Amino acid sequence: MPEPNDKDLIAEVLEGNTESFEPLVVKYQARIFSLARRYARREDEVEDIVQTVFLKAFSKLSSYRADAPFEHWLMRTATYTCYDFLRKHQRNREWNASDLSEEENDWFENIGAESTKQIDRAAASTLINKLLDGLNSEDRHIITLLELERQTIKEIAKLTGLSESNVKVKAHRAREKMRNTLGRLTTEKYI
Amino acid sequence: MAKIDNLLDKMLTASREAADDRVPYKFEKRVMAHIKETSHMALSTWAQWSQGLWRSVIPCFAIMILVAVWTNTRSTSNQTTKISPSELIAQSDPVEDELETIVMLAIDSADADQ
């Protein structure tokens with residue numbers, strides 16, 4: 001028996017069959033967990049974000065117009081929810097070389113010698129998160145979407161309500177700030 | 001500076017590839033339980049509203065009938081009350097009467113001149 005498609009499931013949910021929402025959750029939860037982990041560190045926070053995304057999606061399902069894939073609509077809801085979380089939990093923390101864990105130190109040691117495949121990706125991810133912590137919520141949101149989620153400037157402008165040129169300027173400044181922090185860190189580490 | 005840029009690029013690439021999409025066991029069941037709870041709460045709110053509205057139907061209907069009866073009684077009593085001529089004279093405004101006399105006198109005198 002073929003799997004029902006998103007449109008059929010959505011129609012069933014809108015007719016009052018709440019159970020039809022479960023296959024949609026199963027289908028897209030991994031994608032949303034991956035996005036939420038870019039914004040929150042603690043696992044309970046990540047779970048809260050994902051749960052909120054699905055609750056919002058369920059309650060606003062009647063506003064979904066089938067002119068775009070459901071995944072796009074859901075990811076937009078997820079992005080807004082992640083940004084809301086970021087604004088509420090802004091860390092904006094400066095940090096230095098002594099804050100690095102053993103794995104992160106190893107990552108620095110090996111970066112020059114080894115290929116990207118051999119790099120401990122988890123440690124790199126933690127380091128990036130630390131660099132992102134130094135940015136304000138809007139800049140962090142833009143860099144996350146642009147550099148980690150590989151969204152286009154146009155898509156980010158649409159999501160954030162900023163102009164494309166404004167997104168470019170903010171992304172450039174945010175990257176520069178990250179570069180400066182990284183430069184300070186490498187100087188502290190090797191001098 | 002280029003070295004730092006390169007390092008940042010490598011970190012971003014590694015972080016991008018380290019996408020963590022693990023899902024806790026039976027997470028969808030948890031979400032569905034929340035959804036059912038929320039929709040049940042929303043339903044019960046509506047149920048409370050409709051119950052309250054249905055309860056208010058009888059008092060509102062009774063008030064409507066009382067007001068209708070009272071209005072009807074008042075208008076009938078106004079129609080049936082007869083006013084005597086002396087009461088009518090007493091009710092007439094002397095200022096209005098004087099004004100009418102003056103105007104009529106002016107018209108009459110004008111007719112007499114012609």
# chains A, B, ... in the order shown; residues from 1 in each chain; ligands from 1
call {"tool": "interface_residues", "arguments": {"of": "chain B", "to": "chain A", "cutoff": "8 Å", "atoms": "only C-alpha atoms", "output": "ChimeraX atom specification"}}
result
/B:1,4-5,7-8,10-23,28-29,31-32,34-36
call {"tool": "residues_around", "arguments": {"residues": "Ala157 of chain A", "least_positions_apart": "6", "cutoff": "7 Å", "atoms": "only C-alpha atoms", "output": "PDB file with N, CA and C atoms, in the first residue's frame"}}
result
ATOM      1  N   SER A 163      16.266  43.568   3.785  1.00  0.00           N
ATOM      2  CA  SER A 163      16.557  43.635   2.356  1.00  0.00           C
ATOM      3  C   SER A 163      17.770  42.742   2.070  1.00  0.00           C
ATOM      4  N   GLU A 164      17.919  42.337   0.813  1.00  0.00           N
ATOM      5  CA  GLU A 164      19.033  41.449   0.453  1.00  0.00           C
ATOM      6  C   GLU A 164      20.388  42.099   0.759  1.00  0.00           C
ATOM      7  N   VAL A 167      21.087  41.967   4.424  1.00  0.00           N
ATOM      8  CA  VAL A 167      21.506  40.618   4.838  1.00  0.00           C
ATOM      9  C   VAL A 167      22.992  40.427   4.525  1.00  0.00           C
TER      10      VAL A 167
END
call {"tool": "select_by_dssp", "arguments": {"residues": "chain A", "states": "alpha helix (DSSP H)", "output": "mmCIF file with C-alpha atoms, in the first residue's frame"}}
result
data_model
loop_
_atom_site.group_PDB
_atom_site.id
_atom_site.type_symbol
_atom_site.label_atom_id
_atom_site.label_comp_id
_atom_site.auth_asym_id
_atom_site.auth_seq_id
_atom_site.Cartn_x
_atom_site.Cartn_y
_atom_site.Cartn_z
ATOM 1 C CA ASP A 6 1.593 15.210 2.638
ATOM 2 C CA LYS A 7 -1.438 16.828 1.005
ATOM 3 C CA ASP A 8 -3.696 13.857 1.798
ATOM 4 C CA LEU A 9 -2.481 13.751 5.389
ATOM 5 C CA ILE A 10 -3.016 17.497 5.829
ATOM 6 C CA ALA A 11 -6.529 17.220 4.383
ATOM 7 C CA GLU A 12 -7.310 14.416 6.842
ATOM 8 C CA VAL A 13 -5.994 16.466 9.784
ATOM 9 C CA LEU A 14 -8.100 19.441 8.713
ATOM 10 C CA PHE A 21 -0.493 14.412 11.785
ATOM 11 C CA GLU A 22 1.792 11.732 13.270
ATOM 12 C CA PRO A 23 3.259 10.524 9.926
ATOM 13 C CA LEU A 24 4.136 14.152 9.165
ATOM 14 C CA VAL A 25 5.956 14.442 12.507
ATOM 15 C CA VAL A 26 7.837 11.192 11.838
ATOM 16 C CA LYS A 27 8.798 12.320 8.348
ATOM 17 C CA TYR A 28 10.177 15.760 9.233
ATOM 18 C CA GLN A 29 11.325 15.552 12.851
ATOM 19 C CA ALA A 30 14.951 14.643 12.023
ATOM 20 C CA ARG A 31 15.291 17.686 9.737
ATOM 21 C CA ILE A 32 13.895 19.971 12.444
ATOM 22 C CA PHE A 33 16.075 18.438 15.165
ATOM 23 C CA SER A 34 19.101 19.139 12.990
ATOM 24 C CA LEU A 35 18.075 22.794 12.592
ATOM 25 C CA ALA A 36 17.192 23.236 16.272
ATOM 26 C CA ARG A 37 20.610 21.915 17.331
ATOM 27 C CA ARG A 38 22.192 24.804 15.445
ATOM 28 C CA TYR A 39 20.402 27.201 17.791
ATOM 29 C CA GLU A 43 19.079 18.722 24.572
ATOM 30 C CA ASP A 44 15.983 19.692 26.590
ATOM 31 C CA GLU A 45 15.987 23.089 24.850
ATOM 32 C CA VAL A 46 16.288 21.383 21.453
ATOM 33 C CA GLU A 47 13.351 19.100 22.247
ATOM 34 C CA ASP A 48 11.287 22.077 23.410
ATOM 35 C CA ILE A 49 11.969 23.910 20.144
ATOM 36 C CA VAL A 50 11.015 20.903 17.992
ATOM 37 C CA GLN A 51 7.877 20.297 20.012
ATOM 38 C CA THR A 52 6.882 23.972 19.702
ATOM 39 C CA VAL A 53 7.438 23.815 15.933
ATOM 40 C CA PHE A 54 5.047 20.885 15.553
ATOM 41 C CA LEU A 55 2.454 22.387 17.901
ATOM 42 C CA LYS A 56 2.549 25.648 15.937
ATOM 43 C CA ALA A 57 2.368 23.768 12.639
ATOM 44 C CA PHE A 58 -0.641 21.789 13.863
ATOM 45 C CA SER A 59 -2.515 24.833 15.143
ATOM 46 C CA PHE A 70 4.693 21.348 3.109
ATOM 47 C CA GLU A 71 8.368 20.901 4.026
ATOM 48 C CA HIS A 72 9.141 24.514 3.046
ATOM 49 C CA TRP A 73 6.222 25.828 5.086
ATOM 50 C CA LEU A 74 7.240 23.693 8.067
ATOM 51 C CA MET A 75 10.894 24.737 7.827
ATOM 52 C CA ARG A 76 9.844 28.377 7.751
ATOM 53 C CA THR A 77 7.853 27.844 10.949
ATOM 54 C CA ALA A 78 10.884 26.047 12.419
ATOM 55 C CA THR A 79 13.219 28.899 11.467
ATOM 56 C CA TYR A 80 10.944 31.489 13.091
ATOM 57 C CA THR A 81 10.682 29.366 16.238
ATOM 58 C CA CYS A 82 14.472 28.943 16.406
ATOM 59 C CA TYR A 83 14.957 32.687 16.021
ATOM 60 C CA ASP A 84 12.423 33.356 18.792
ATOM 61 C CA PHE A 85 14.390 30.990 21.018
ATOM 62 C CA LEU A 86 17.626 32.762 20.141
ATOM 63 C CA ARG A 87 16.211 36.169 21.043
ATOM 64 C CA LYS A 88 14.972 34.895 24.385
ATOM 65 C CA GLU A 102 40.509 18.879 25.141
ATOM 66 C CA GLU A 103 38.753 17.874 21.898
ATOM 67 C CA GLU A 104 38.620 21.479 20.740
ATOM 68 C CA ASN A 105 42.327 21.881 21.502
ATOM 69 C CA ASP A 106 43.039 18.724 19.511
ATOM 70 C CA TRP A 107 40.991 20.121 16.676
ATOM 71 C CA PHE A 108 43.238 23.184 16.580
ATOM 72 C CA GLU A 109 46.355 21.000 16.711
ATOM 73 C CA ASN A 110 45.226 18.834 13.803
ATOM 74 C CA ILE A 111 43.590 21.386 11.545
ATOM 75 C CA ARG A 121 33.459 17.409 13.175
ATOM 76 C CA ALA A 122 31.749 17.460 16.534
ATOM 77 C CA ALA A 123 34.588 19.511 18.036
ATOM 78 C CA ALA A 124 34.484 21.891 15.068
ATOM 79 C CA SER A 125 30.766 22.230 15.551
ATOM 80 C CA THR A 126 31.213 23.090 19.228
ATOM 81 C CA LEU A 127 33.874 25.645 18.327
ATOM 82 C CA ILE A 128 31.576 27.239 15.759
ATOM 83 C CA ASN A 129 28.813 27.372 18.348
ATOM 84 C CA LYS A 130 31.169 29.202 20.691
ATOM 85 C CA LEU A 131 32.023 31.690 17.951
ATOM 86 C CA LEU A 132 28.331 32.133 17.224
ATOM 87 C CA ASP A 133 27.680 32.807 20.916
ATOM 88 C CA SER A 137 20.803 36.974 17.850
ATOM 89 C CA GLU A 138 20.075 38.476 14.429
ATOM 90 C CA ASP A 139 23.640 38.051 13.146
ATOM 91 C CA ARG A 140 23.803 34.536 14.520
ATOM 92 C CA HIS A 141 20.517 33.698 12.805
ATOM 93 C CA ILE A 142 21.804 35.029 9.473
ATOM 94 C CA ILE A 143 25.156 33.199 9.688
ATOM 95 C CA ILE A 153 20.630 35.549 0.504
ATOM 96 C CA LYS A 154 17.202 35.890 -1.132
ATOM 97 C CA GLU A 155 15.686 33.181 1.070
ATOM 98 C CA ILE A 156 17.206 34.708 4.215
ATOM 99 C CA ALA A 157 15.925 38.160 3.259
ATOM 100 C CA LYS A 158 12.434 36.686 2.872
ATOM 101 C CA LEU A 159 12.650 34.891 6.216
ATOM 102 C CA THR A 160 14.041 37.799 8.210
ATOM 103 C CA GLU A 164 19.033 41.449 0.453
ATOM 104 C CA SER A 165 21.771 44.094 0.701
ATOM 105 C CA ASN A 166 21.169 44.395 4.449
ATOM 106 C CA VAL A 167 21.506 40.618 4.838
ATOM 107 C CA LYS A 168 24.793 40.720 2.906
ATOM 108 C CA VAL A 169 26.175 43.550 5.088
ATOM 109 C CA LYS A 170 25.130 41.838 8.318
ATOM 110 C CA ALA A 171 26.558 38.494 7.172
ATOM 111 C CA HIS A 172 29.846 40.166 6.239
ATOM 112 C CA ARG A 173 30.121 41.943 9.604
ATOM 113 C CA ALA A 174 29.182 38.830 11.539
ATOM 114 C CA ARG A 175 31.786 36.792 9.700
ATOM 115 C CA GLU A 176 34.367 39.482 10.378
ATOM 116 C CA LYS A 177 33.543 39.363 14.088
ATOM 117 C CA MET A 178 33.900 35.576 14.086
ATOM 118 C CA ARG A 179 37.212 35.889 12.240
ATOM 119 C CA ASN A 180 38.488 38.403 14.815
ATOM 120 C CA THR A 181 37.502 36.148 17.713
ATOM 121 C CA LEU A 182 39.182 33.203 16.030
ATOM 122 C CA GLY A 183 42.285 35.299 15.339
ATOM 123 C CA ARG A 184 42.441 36.351 19.008
ATOM 124 C CA LEU A 185 42.020 32.741 20.044
ATOM 125 C CA THR A 186 44.814 31.411 17.831
ATOM 126 C CA THR A 187 47.105 34.203 19.037
ATOM 127 C CA GLU A 188 46.326 33.363 22.689
ATOM 128 C CA LYS A 189 46.905 29.702 21.967
ATOM 129 C CA TYR A 190 50.170 29.839 20.084
#
call {"tool": "atom_distance", "arguments": {"atom1": "atom CA of Pro4 of chain A", "atom2": "atom CA of Pro69 of chain A"}}
result
14.7 Å
call {"tool": "atom_distance", "arguments": {"atom1": "atom CA of Gly134 of chain A", "atom2": "atom CA of Leu162 of chain A"}}
result
21.5 Å
call {"tool": "atom_distance", "arguments": {"atom1": "atom CA of Trp54 of chain B", "atom2": "atom CA of Glu37 of chain B"}}
result
25.4 Å
